[in-house]
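*Asks:* Data: final10.txt, compact mmCIF, C-alpha atoms.
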# COMPACT_ATOMS: atom_id res chain seq x y z
CA MET A 1 0.00 0.00 0.00
CA ASN A 2 1.25 3.42 -0.89
CA ALA A 3 -0.96 6.49 -0.60
CA VAL A 4 1.20 8.34 -3.12
CA SER A 5 1.84 5.48 -5.52
CA THR A 6 -0.44 2.44 -5.65
CA SER A 7 2.25 0.17 -7.06
CA GLU A 8 2.87 -1.56 -3.71
CA PRO A 9 0.55 -4.59 -3.48
CA LEU A 10 -1.88 -4.67 -0.57
CA PRO A 11 -1.17 -8.33 0.36
CA SER A 12 2.31 -7.34 1.57
CA VAL A 13 0.71 -4.87 3.98
CA GLU A 14 -1.76 -7.50 5.19
CA SER A 15 1.10 -9.94 5.70
CA GLU A 16 3.06 -7.47 7.83
CA LEU A 17 0.01 -6.60 9.91
CA ARG A 18 -0.77 -10.28 10.36
CA SER A 19 2.73 -11.02 11.63
CA ALA A 20 2.66 -8.18 14.20
CA PRO A 21 2.09 -9.03 17.88
CA PRO A 22 -1.61 -8.55 18.77
CA ASN A 23 -0.85 -5.62 21.06
CA ALA A 24 1.44 -3.93 18.50
CA LEU A 25 -0.94 -3.45 15.58
CA VAL A 26 -1.16 0.34 15.98
CA GLU A 27 2.61 0.71 16.20
CA THR A 28 3.02 -1.54 13.15
CA ALA A 29 0.39 0.45 11.24
CA ARG A 30 2.20 3.70 12.03
CA ARG A 31 5.46 2.28 10.74
CA LEU A 32 3.92 0.95 7.54
CA LEU A 33 2.11 4.21 6.86
CA ALA A 34 5.27 6.22 7.50
CA ASP A 35 7.31 4.02 5.18
CA ARG A 36 4.80 3.71 2.35
CA ALA A 37 2.64 6.84 2.55
CA ARG A 38 5.06 9.26 4.27
CA ALA A 39 2.53 9.57 7.10
CA GLN A 40 3.62 11.83 9.92
CA ASP A 41 1.21 10.33 12.44
CA ALA A 42 -1.59 7.76 12.68
CA THR A 43 -4.15 7.26 15.45
CA LEU A 44 -6.59 4.39 15.84
CA LEU A 45 -9.83 5.41 17.57
CA LEU A 46 -12.40 2.79 18.59
CA ALA A 47 -16.09 3.40 19.24
CA ASP A 48 -17.12 2.93 22.86
CA TYR A 49 -19.87 0.51 23.84
CA GLY A 50 -22.45 3.30 23.93
CA LEU A 51 -21.49 4.52 20.42
CA ARG A 52 -21.04 8.03 21.83
CA VAL A 53 -17.30 8.63 21.60
CA LEU A 54 -14.23 7.43 19.69
CA ARG A 55 -11.35 6.56 22.02
CA PRO A 56 -7.69 6.39 20.97
CA VAL A 57 -5.86 3.10 21.37
CA THR A 58 -2.72 3.89 23.35
CA PRO A 59 -0.54 1.81 25.70
CA PRO A 60 -2.63 2.76 28.66
CA PRO A 61 -5.95 3.09 26.84
CA ASP A 62 -7.07 6.06 28.93
CA SER A 63 -4.18 8.37 28.05
CA GLY A 64 -5.80 10.10 25.06
CA ASP A 65 -8.80 12.39 24.76
CA PRO A 66 -11.90 10.86 23.15
CA LEU A 67 -13.65 12.42 20.16
CA SER A 68 -17.36 12.58 19.41
CA ALA A 69 -18.73 9.64 17.42
CA TYR A 70 -21.27 12.03 15.86
CA ASP A 71 -19.55 15.37 15.23
CA GLY A 72 -16.26 16.61 13.85
CA PRO A 73 -14.32 15.07 10.96
CA ALA A 74 -13.74 11.73 12.72
CA GLY A 75 -17.37 11.49 13.89
CA ARG A 76 -18.65 12.27 10.39
CA ALA A 77 -16.41 9.58 8.91
CA PHE A 78 -17.71 7.07 11.46
CA THR A 79 -21.39 7.99 11.02
CA ALA A 80 -21.36 8.17 7.21
CA GLN A 81 -18.84 5.33 6.80
CA THR A 82 -16.86 7.29 4.25
CA PRO A 83 -13.37 8.85 4.36
CA VAL A 84 -13.21 12.50 5.45
CA VAL A 85 -10.22 14.63 4.45
CA GLU A 86 -9.39 17.40 6.91
CA PRO A 87 -6.83 19.91 5.51
CA ALA A 88 -4.31 20.89 8.16
CA ASP A 89 -2.34 23.44 6.14
CA GLU A 90 -1.19 23.76 2.54
CA ASP A 91 1.33 20.97 2.98
CA THR A 92 -0.48 18.38 5.12
CA ALA A 93 -3.90 16.83 5.60
CA THR A 94 -5.50 14.37 8.00
CA VAL A 95 -7.59 11.59 6.50
CA HIS A 96 -10.18 9.96 8.77
CA LEU A 97 -10.94 6.42 7.56
CA PRO A 98 -13.67 4.01 8.73
CA VAL A 99 -12.32 0.84 10.33
CA THR A 100 -15.08 -1.65 9.58
CA VAL A 101 -15.17 -5.43 9.34
CA ARG A 102 -17.96 -6.87 7.17
CA GLY A 103 -20.38 -4.18 8.27
CA ASP A 104 -19.31 -4.12 11.95
CA ARG A 105 -18.11 -0.57 12.64
CA LEU A 106 -15.08 -0.66 14.94
CA GLY A 107 -13.84 2.92 14.74
CA ILE A 108 -11.68 5.32 12.77
CA LEU A 109 -8.05 5.43 11.60
CA SER A 110 -6.83 9.04 11.42
CA VAL A 111 -3.71 9.51 9.28
CA ARG A 112 -1.78 12.79 8.97
CA LEU A 113 0.32 12.89 5.80
CA PRO A 114 1.49 15.20 2.98
CA ALA A 115 -1.46 16.80 1.20
CA ALA A 116 -0.45 15.11 -2.06
CA GLY A 117 -1.19 11.75 -0.47
CA ALA A 118 -4.81 12.74 0.20
CA ASP A 119 -5.80 12.67 -3.46
CA PRO A 120 -8.51 10.16 -4.55
CA ALA A 121 -6.00 7.40 -5.33
CA GLY A 122 -4.24 7.92 -2.03
CA VAL A 123 -7.49 7.93 -0.03
CA LEU A 124 -8.57 4.71 -1.75
CA ALA A 125 -5.30 3.02 -0.80
CA LEU A 126 -5.60 4.28 2.77
CA THR A 127 -9.18 2.97 2.93
CA GLU A 128 -7.97 -0.50 1.93
CA PHE A 129 -5.28 -0.26 4.60
CA ALA A 130 -7.87 0.67 7.28
CA THR A 131 -10.01 -2.31 6.27
CA ALA A 132 -7.04 -4.66 6.51
CA LEU A 133 -6.22 -3.21 9.94
CA GLY A 134 -9.81 -3.77 11.08
CA HIS A 135 -9.68 -7.46 10.21
CA GLU A 136 -6.45 -7.85 12.17
CA ILE A 137 -7.93 -6.06 15.19
CA ALA A 138 -10.89 -8.45 15.14
CA ALA A 139 -8.50 -11.40 15.16
CA ALA A 140 -6.15 -9.85 17.75
CA GLU A 141 -8.94 -9.42 20.31
CA ARG A 142 -8.73 -13.13 21.01
CA ASP A 143 -5.24 -12.61 22.46
CA THR A 144 -5.20 -9.15 24.04
CA ASP A 145 -7.54 -6.90 26.05
CA LEU A 146 -6.00 -3.71 24.60
CA TYR A 147 -8.74 -3.00 22.07
CA LEU A 148 -11.59 -4.04 24.36
CA LEU A 149 -10.29 -1.70 27.06
CA ALA A 150 -10.08 1.17 24.60
CA ARG A 151 -13.81 0.78 23.90
CA ARG A 152 -14.99 1.52 27.42
CA THR A 153 -15.41 4.90 29.06
CA ARG A 154 -16.02 3.22 32.40
CA ARG A 155 -16.07 -0.25 33.88
CA LEU A 156 -18.64 -2.71 32.58
CA THR A 157 -20.73 -4.68 35.03
CA LEU A 158 -20.02 -8.41 35.01
CA ALA A 159 -23.41 -9.02 33.36
CA ALA A 160 -22.61 -6.51 30.60
CA GLU A 161 -19.17 -8.02 30.08
CA MET A 162 -20.81 -11.40 29.50
CA GLN A 163 -23.40 -9.99 27.12
CA TRP A 164 -20.97 -8.06 24.90
CA GLN A 165 -18.75 -11.13 24.63
CA LEU A 166 -21.79 -13.15 23.56
CA LEU A 167 -22.75 -10.84 20.68
CA PRO A 168 -21.71 -11.50 17.05
CA GLY A 169 -20.89 -7.80 16.56
CA ARG A 170 -23.02 -4.73 15.91
CA GLY A 171 -23.37 -5.04 12.16
CA CYS A 172 -23.20 -7.36 9.17
CA ASP A 173 -23.03 -6.40 5.50
CA ARG A 174 -23.85 -8.81 2.68
CA PRO A 175 -25.08 -8.16 -0.87
CA GLU A 176 -28.55 -9.42 0.11
CA PHE A 177 -28.90 -7.50 3.39
CA VAL A 178 -27.32 -5.06 5.82
CA ILE A 179 -27.77 -5.35 9.60
CA GLY A 180 -27.17 -2.75 12.29
CA ALA A 181 -27.81 -3.36 16.00
CA HIS A 182 -27.34 -1.71 19.38
CA LEU A 183 -27.83 -2.41 23.11
CA GLU A 184 -28.52 0.03 25.93
CA PRO A 185 -27.72 0.67 28.76
CA ALA A 186 -24.40 -0.26 27.22
CA TYR A 187 -22.36 -0.56 30.40
CA THR A 188 -24.94 -2.34 32.57
CA VAL A 189 -26.99 -4.42 30.11
CA GLY A 190 -27.96 -7.81 31.52
CA GLY A 191 -30.59 -9.84 29.68
CA ASP A 192 -31.01 -8.53 26.13
CA ASN A 193 -29.17 -10.04 23.19
CA PHE A 194 -29.19 -10.24 19.41
CA ASP A 195 -27.56 -12.90 17.29
CA TRP A 196 -27.24 -13.85 13.63
CA SER A 197 -25.56 -16.32 11.35
CA THR A 198 -25.49 -16.49 7.56
CA ASP A 199 -24.33 -18.92 4.93
CA GLY A 200 -24.73 -19.09 1.17
CA SER A 201 -28.48 -19.61 1.28
CA ARG A 202 -29.93 -18.42 4.58
CA LEU A 203 -29.72 -15.80 7.31
CA THR A 204 -30.87 -16.73 10.82
CA LEU A 205 -31.46 -13.82 13.20
CA SER A 206 -32.72 -13.66 16.77
CA VAL A 207 -33.54 -11.07 19.41
CA THR A 208 -33.66 -12.38 22.99
CA ASP A 209 -34.92 -10.75 26.17
CA GLY A 210 -33.99 -12.71 29.28
CA MET A 211 -36.16 -11.95 32.30
CA GLY A 212 -34.67 -10.32 35.36
CA ARG A 213 -31.71 -8.03 35.89
CA GLY A 214 -27.97 -8.23 36.25
CA ILE A 215 -26.02 -11.45 36.42
CA ASP A 216 -29.13 -13.64 36.70
CA ALA A 217 -30.49 -12.26 33.43
CA SER A 218 -27.11 -12.59 31.77
CA LEU A 219 -26.76 -16.24 32.80
CA LEU A 220 -30.27 -16.97 31.50
CA THR A 221 -29.57 -15.29 28.17
CA SER A 222 -26.22 -17.06 27.83
CA VAL A 223 -27.92 -20.45 28.21
CA THR A 224 -30.66 -19.42 25.76
CA VAL A 225 -28.34 -18.12 23.05
CA GLY A 226 -25.97 -21.05 23.49
CA ALA A 227 -28.86 -23.50 23.15
CA LEU A 228 -30.21 -21.73 20.06
CA ARG A 229 -26.77 -21.78 18.43
CA ASN A 230 -26.30 -25.43 19.31
CA ALA A 231 -29.66 -26.35 17.75
CA ARG A 232 -29.02 -24.19 14.68
CA ARG A 233 -25.64 -25.82 14.13
CA ALA A 234 -27.28 -29.22 14.38
CA GLY A 235 -29.15 -28.34 11.20
CA VAL A 236 -32.71 -28.52 12.55
CA GLY A 237 -35.58 -26.26 11.48
CA LEU A 238 -36.52 -23.02 13.19
CA ALA A 239 -39.39 -24.46 15.25
CA ASP A 240 -37.14 -27.27 16.48
CA GLN A 241 -34.45 -24.74 17.35
CA ALA A 242 -36.97 -23.02 19.60
CA ARG A 243 -38.15 -26.35 21.05
CA LEU A 244 -34.64 -27.56 21.89
CA ALA A 245 -33.67 -24.20 23.40
CA ASP A 246 -36.89 -24.23 25.41
CA GLN A 247 -35.99 -27.64 26.82
CA ALA A 248 -32.45 -26.52 27.66
CA VAL A 249 -33.63 -23.40 29.50
CA TYR A 250 -36.33 -25.32 31.38
CA ALA A 251 -33.85 -28.03 32.36
CA GLN A 252 -31.51 -25.39 33.78
CA PHE A 253 -34.02 -23.09 35.52
CA GLY A 254 -37.09 -25.29 36.04
CA GLY A 255 -39.55 -22.69 34.77
CA LYS A 256 -38.48 -20.07 37.34
CA ALA A 257 -36.77 -18.03 34.62
CA TYR A 258 -37.50 -17.80 30.92
CA ALA A 259 -36.43 -15.88 27.85
CA SER A 260 -38.60 -14.13 25.27
CA THR A 261 -37.15 -14.68 21.80
CA LEU A 262 -37.96 -13.69 18.24
CA LEU A 263 -36.46 -16.11 15.71
CA LEU A 264 -36.26 -15.29 11.99
CA ARG A 265 -34.79 -17.28 9.10
CA PHE A 266 -34.47 -15.60 5.71
CA ASP A 267 -34.09 -17.39 2.38
CA LEU A 268 -31.51 -15.23 0.63
CA ALA A 269 -32.69 -16.16 -2.86
CA THR A 270 -36.45 -15.62 -2.41
CA GLY A 271 -36.94 -13.33 0.59
CA THR A 272 -39.20 -15.91 2.27
CA VAL A 273 -39.00 -15.53 6.05
CA HIS A 274 -39.82 -18.25 8.58
CA ALA A 275 -40.57 -16.83 12.03
CA VAL A 276 -41.16 -18.05 15.58
CA ASP A 277 -42.42 -15.45 18.05
CA ALA A 278 -41.61 -16.91 21.47
CA GLY A 279 -42.39 -13.96 23.70
CA SER A 280 -42.26 -10.19 23.68
CA PRO A 281 -39.79 -8.80 21.08
CA ARG A 282 -41.68 -7.02 18.31
CA LEU A 283 -40.99 -6.72 14.60
CA TYR A 284 -41.79 -3.72 12.40
CA ARG A 285 -41.46 -3.26 8.66
CA ARG A 286 -40.98 -0.05 6.73
CA ARG A 287 -42.11 -0.50 3.14
CA GLY A 288 -42.07 2.72 1.16
CA ASP A 289 -43.46 5.39 3.48
CA THR A 290 -45.47 2.97 5.62
CA VAL A 291 -44.32 1.53 8.96
CA ARG A 292 -46.35 -1.37 10.32
CA GLN A 293 -45.91 -4.05 12.92
CA ILE A 294 -45.64 -7.55 11.46
CA GLU A 295 -48.22 -9.42 13.50
CA LEU A 296 -46.97 -12.84 14.52
CA GLU A 297 -48.68 -15.47 16.62
CA ALA A 298 -47.44 -14.99 20.18
CA GLN A 299 -46.13 -18.27 21.56
CA LEU A 300 -44.70 -19.11 24.98
CA PRO A 301 -41.27 -17.79 26.00
CA LEU A 302 -38.42 -20.29 26.04
CA GLY A 303 -38.14 -22.23 29.28
CA MET A 304 -41.51 -21.29 30.78
CA PHE A 305 -42.90 -24.83 30.61
CA GLU A 306 -41.52 -28.28 29.87
CA GLU A 307 -41.87 -29.73 26.35
CA THR A 308 -43.43 -26.69 24.63
CA ALA A 309 -44.15 -27.12 20.92
CA TYR A 310 -43.53 -24.21 18.57
CA GLU A 311 -44.88 -23.45 15.11
CA GLU A 312 -43.35 -21.40 12.31
CA GLN A 313 -45.09 -18.61 10.45
CA ILE A 314 -44.11 -17.38 7.02
CA PHE A 315 -44.01 -13.94 5.45
CA THR A 316 -42.02 -12.38 2.61
CA VAL A 317 -39.70 -9.40 2.35
CA ARG A 318 -39.12 -7.40 -0.80
CA PRO A 319 -36.04 -5.48 -1.96
CA GLY A 320 -36.13 -2.09 -0.26
CA ASP A 321 -37.89 -3.34 2.89
CA ARG A 322 -36.51 -2.28 6.25
CA LEU A 323 -37.20 -4.51 9.27
CA VAL A 324 -36.70 -3.33 12.84
CA ALA A 325 -36.88 -5.75 15.78
CA VAL A 326 -37.04 -4.34 19.30
CA SER A 327 -37.07 -5.90 22.75
CA THR A 328 -39.56 -5.12 25.51
CA GLY A 329 -37.18 -2.52 26.91
CA VAL A 330 -37.88 -0.44 23.81
CA HIS A 331 -41.61 -0.74 23.15
CA GLY A 332 -42.45 -1.05 26.86
CA THR A 333 -40.43 1.88 28.27
CA ARG A 334 -42.35 4.78 29.84
CA SER A 335 -41.44 8.46 30.10
CA PRO A 336 -41.31 10.20 33.51
CA GLU A 337 -44.97 11.11 32.86
CA GLY A 338 -45.86 7.46 32.33
CA VAL A 339 -46.22 7.60 28.54
CA LEU A 340 -45.18 4.44 26.67
CA PHE A 341 -42.48 4.77 24.03
CA GLY A 342 -44.64 2.39 22.04
CA GLU A 343 -45.39 2.02 18.37
CA ASP A 344 -46.10 5.69 17.63
CA ALA A 345 -42.79 6.86 19.07
CA LEU A 346 -40.94 4.08 17.27
CA ARG A 347 -42.63 5.03 14.01
CA ARG A 348 -41.57 8.66 14.48
CA ALA A 349 -37.99 7.55 15.11
CA LEU A 350 -38.00 5.50 11.90
CA ASP A 351 -39.65 8.28 9.89
CA ALA A 352 -36.92 10.67 11.04
CA ALA A 353 -34.19 8.49 9.53
CA PRO A 354 -35.41 7.04 6.21
CA THR A 355 -32.04 7.35 4.46
CA GLN A 356 -29.77 6.41 7.35
CA SER A 357 -27.83 3.15 7.33
CA PRO A 358 -29.19 0.30 9.50
CA GLN A 359 -26.34 0.91 11.95
CA GLU A 360 -27.38 4.53 12.36
CA VAL A 361 -31.07 3.62 12.53
CA ALA A 362 -30.39 1.32 15.49
CA ARG A 363 -28.43 4.07 17.19
CA SER A 364 -31.13 6.66 16.39
CA VAL A 365 -33.92 4.51 17.83
CA VAL A 366 -31.94 4.06 21.04
CA ALA A 367 -31.23 7.81 21.17
CA SER A 368 -34.98 8.52 20.79
CA LEU A 369 -35.70 6.00 23.55
CA VAL A 370 -33.17 7.66 25.89
CA GLU A 371 -34.69 11.08 25.14
CA HIS A 372 -38.19 9.70 25.84
CA PHE A 373 -37.04 8.13 29.12
CA GLY A 374 -35.07 11.22 30.12
CA SER A 375 -31.81 9.44 31.00
CA THR A 376 -29.22 7.03 29.64
CA ASP A 377 -29.70 4.96 32.82
CA LEU A 378 -32.60 2.93 31.42
CA THR A 379 -34.41 0.75 33.94
CA ALA A 380 -34.85 -2.05 31.36
CA ASP A 381 -32.45 -3.40 28.77
CA ALA A 382 -33.16 -2.30 25.22
CA ALA A 383 -32.10 -4.13 22.06
CA VAL A 384 -32.66 -2.78 18.54
CA VAL A 385 -31.85 -4.65 15.32
CA CYS A 386 -32.40 -3.01 11.94
CA LEU A 387 -32.17 -5.01 8.70
CA ASP A 388 -32.30 -3.57 5.19
CA TRP A 389 -33.28 -6.19 2.64
CA ASN A 390 -31.71 -5.85 -0.80
CA GLY A 391 -32.53 -9.29 -2.12
CA ARG A 392 -30.41 -11.33 -4.45
CA ASP A 393 -29.78 -10.61 -8.11
CA PRO A 394 -31.51 -13.49 -9.96
CA ALA A 395 -28.42 -13.80 -12.14
CA THR A 396 -26.39 -14.86 -9.08
CA SER A 397 -28.94 -17.26 -7.61
Would it be possible to restate this file's structure as structure tokens?

*Replies:*
Amino acid sequence: MNAVSTSEPLPSVESELRSAPPNALVETARRLLADRARAQDATLLLADYGLRVLRPVTPPPDSGDPLSAYDGPAGRAFTAQTPVVEPADEDTATVHLPVTVRGDRLGILSVRLPAAGADPAGVLALTEFATALGHEIAAAERDTDLYLLARRTRRLTLAAEMQWQLLPGRGCDRPEFVIGAHLEPAYTVGGDNFDWSTDGSRLTLSVTDGMGRGIDASLLTSVTVGALRNARRAGVGLADQARLADQAVYAQFGGKAYASTLLLRFDLATGTVHAVDAGSPRLYRRRGDTVRQIELEAQLPLGMFEETAYEEQIFTVRPGDRLVAVSTGVHGTRSPEGVLFGEDALRRALDAAPTQSPQEVARSVVASLVEHFGSTDLTADAAVVCLDWNGRDPATS
């Protein structure tokens, strides 16, 4: 990679990043950018769990000042997921580059370099470098806490630590669909979870709301999500996934604790969706200018009774549809005056962001919920998952 000349092949950069120690990726990136793009400085900033600030990754992770994840050049690059060039003077510029892995927004790489290197070809090369760095960060997190520590503005509760480790990420981008998701209260969440898995033919997505608070809710949700994944990986149908997870939760908690779960399985070629509504999460669809709840048959939460049978329902999505799934902590939250956030407030939040990406829609819905509640210290966990359906080109099916 060379931001001035694109003759240097990207694989050599990926190879050098891959061979760096997990905790030395930022230092290695600085060296590579200095050698190949004449960069004078490079800073990796990661989004915090609440998606409010971007925090620099430094040896002690709290030694740099955070930046807004909404405003300023770095915040705009993160929100719009596009490079932003910030001229410093006539000789230098700072390029803020999204660091994103398959739709999961990690943060921003800010590179200060000669202004000549911030031309379109140079920015394209730097963008490829930032993407390669993101993939290595995702792999490095298995072996170091450095990047996880940089994401937090304060200590997570034990329950929240367990939930964030259980999640697949906060976004997924495929030709057929784009997913964005968010949890709040980010640093104390206990029982809410979202999960997804995709292969060449199907996408399976779930939103789970484990009853209770704190560590008890987190343990319940961990068992539920683990059981759903185990059943899914066994290759059984959606209704049987719910049935087997129901049995696992009941066996563990004896009906004293249960988890409300919405299960969806999308056929990537046709847009046919199989659904099991096992509890309280709700699903809304925006089609054109119309937002409506998709009414599904309410079935028993997982683990409430022994040997519960579940049935699948079927509906279809079309290219251009936007689906939003929310947990009880969203549609059931009341304002200080006792007014439910409810369907009308959710519809207003979706109407206010028709062109935003799914990742920003999820964040916007949570922001509207916090404004409605009057505090970021929500009394119930809130999970939001937004999915934009593009469908599959028949020529590739």

*Asks:* Any idea what the distance is between atom CA of A:Gly226 and atom CA of A:Ala159?

*Replies:* 15.8 Å

*Asks:* From the set A:Val84, A:Val223, A:Val53, A:Ala248, which residue has the shortest atom-to-atom contact distance to A:Val123, counting only C-alpha atoms?

*Replies:*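 Checking each of A:Val84, A:Val223, A:Val53, A:Ala248 against A:Val123, counting only C-alpha atoms, the winner is A:Val84.
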
*Asks:* Ranking A:Leu387, A:Ala121, A:Val178, A:Ala245 by minimum distance to A:Gly103 and counting all atoms listed in the file, which one comes first?

*Replies:*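 Residue with the minimum atom-to-atom distance to A:Gly103: A:Val178.
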
*Asks:* Near stretch 326-331 of chain A, counting all atoms listed in the file, which residues have an atom at most 9 Å away, once you skip same-chain residues fewer than 2 positions from it, shown as a PyMOL selection string?

*Replies:* chain A and resi 192-193+207-209+260-261+280-284+324+333-334+340-343+345-346+365-366+369+378-386

*Asks:* Go through A:Ala37, A:Leu44, A:Leu205, A:Leu97 one by one, measure the shortest atom-to-atom distance of each to A:Gly122 using only C-alpha atoms, and give the residue with the smallest value.

*Replies:* A:Ala37

*Asks:* Quick one: residues within 12 Å of (4.0, 5.5, 8.8) (file frame), counting all atoms listed in the file, please, as a ChimeraX atom specification.

*Replies:* /A:1-3,13,26-43,110-114,126,129

*Asks:* Just C-alpha atoms for this one: save the residues we selected as an mmCIF file, in the frame of the given file.

*Replies:*
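Okay, this is what ended up in again-v8.cif:
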data_model
loop_
_atom_site.group_PDB
_atom_site.id
_atom_site.type_symbol
_atom_site.label_atom_id
_atom_site.label_comp_id
_atom_site.auth_asym_id
_atom_site.auth_seq_id
_atom_site.Cartn_x
_atom_site.Cartn_y
_atom_site.Cartn_z
ATOM 1 C CA MET A 1 0.000 0.000 0.000
ATOM 2 C CA ASN A 2 1.250 3.420 -0.890
ATOM 3 C CA ALA A 3 -0.960 6.490 -0.600
ATOM 4 C CA VAL A 13 0.710 -4.870 3.980
ATOM 5 C CA VAL A 26 -1.160 0.340 15.980
ATOM 6 C CA GLU A 27 2.610 0.710 16.200
ATOM 7 C CA THR A 28 3.020 -1.540 13.150
ATOM 8 C CA ALA A 29 0.390 0.450 11.240
ATOM 9 C CA ARG A 30 2.200 3.700 12.030
ATOM 10 C CA ARG A 31 5.460 2.280 10.740
ATOM 11 C CA LEU A 32 3.920 0.950 7.540
ATOM 12 C CA LEU A 33 2.110 4.210 6.860
ATOM 13 C CA ALA A 34 5.270 6.220 7.500
ATOM 14 C CA ASP A 35 7.310 4.020 5.180
ATOM 15 C CA ARG A 36 4.800 3.710 2.350
ATOM 16 C CA ALA A 37 2.640 6.840 2.550
ATOM 17 C CA ARG A 38 5.060 9.260 4.270
ATOM 18 C CA ALA A 39 2.530 9.570 7.100
ATOM 19 C CA GLN A 40 3.620 11.830 9.920
ATOM 20 C CA ASP A 41 1.210 10.330 12.440
ATOM 21 C CA ALA A 42 -1.590 7.760 12.680
ATOM 22 C CA THR A 43 -4.150 7.260 15.450
ATOM 23 C CA SER A 110 -6.830 9.040 11.420
ATOM 24 C CA VAL A 111 -3.710 9.510 9.280
ATOM 25 C CA ARG A 112 -1.780 12.790 8.970
ATOM 26 C CA LEU A 113 0.320 12.890 5.800
ATOM 27 C CA PRO A 114 1.490 15.200 2.980
ATOM 28 C CA LEU A 126 -5.600 4.280 2.770
ATOM 29 C CA PHE A 129 -5.280 -0.260 4.600
#

*Asks:* Considering all atoms listed in the file, can you say which of A:Asp216, A:Leu46, A:Leu54, A:Thr221 comes closest to A:Gly134?

*Replies:* A:Leu46

*Asks:* Expressed in Å to a single decimal, how great is the separation between atom CA of A:Val370 and atom CA of A:Arg102?

*Replies:*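 About the pair atom CA of A:Val370 and atom CA of A:Arg102: they are 28.2 Å apart.
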
*Asks:* Using all atoms listed in the file and a cutoff of 10 Å, can you tell me which residues are near (-27.5, -3.0, 13.8) in the file's coordinates, and write them out as a ChimeraX atom specification?

*Replies:* /A:103-105,169-172,178-183,194,324-325,357-363,383-388

*Asks:* Ranking A:Pro185, A:Ala130, A:Leu264, A:Pro301 by minimum distance to A:Gly210 and counting all atoms listed in the file, which one comes first?

*Replies:*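 Nearest to A:Gly210: A:Pro301.
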
*Asks:* Return the single residue from A:Leu262, A:Ala217, A:Val291, A:Val57 that is closest to A:Arg348, with distances computed using all atoms listed in the file.

*Replies:*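 Answer, going by the shortest atom-to-atom distance: A:Val291.
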
*Asks:* Could you jot down the atom CA of A:Glu176 to atom CA of A:Val273 separation for me, Å, one decimal place?

*Replies:* 13.5 Å

*Asks:* Hey, what's within 6 Å of A:Arg285 if we count all atoms listed in the file and toss same-chain stuff fewer than 2 positions away? As a compact mmCIF listing (two decimals) with C-alpha atoms, in the frame of the given file, please?

*Replies:*
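Below you can see selection.txt, which holds the result:
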# COMPACT_ATOMS: atom_id res chain seq x y z
CA VAL A 291 -44.32 1.53 8.96
CA ARG A 292 -46.35 -1.37 10.32
CA ARG A 322 -36.51 -2.28 6.25
CA LEU A 323 -37.20 -4.51 9.27

*Asks:* Taking 6 positions as the minimum chain separation for residues in the same chain, which residues sit within 8 Å of A:Asn23 when counting all atoms listed in the file? Answer as a VMD selection string.

*Replies:* chain A and resid 140 144 146

*Asks:* Need to verify the contact set: A:Ala160, 7 Å, only C-alpha atoms, exclusion of same-chain residues closer than 6 positions in sequence. Can you return it as a list in words?

*Replies:*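 Listed by chain and then number, they are Tyr187, Thr188, Val189 and Gly190 of chain A.
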
*Asks:* Those selected residues, please, written with C-alpha atoms and delivered as a CSV table (one decimal), in the coordinates of the input.

*Replies:*
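The resulting again-v5.csv:
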chain,number,residue,atom,x,y,z
A,187,TYR,CA,-22.4,-0.6,30.4
A,188,THR,CA,-24.9,-2.3,32.6
A,189,VAL,CA,-27.0,-4.4,30.1
A,190,GLY,CA,-28.0,-7.8,31.5
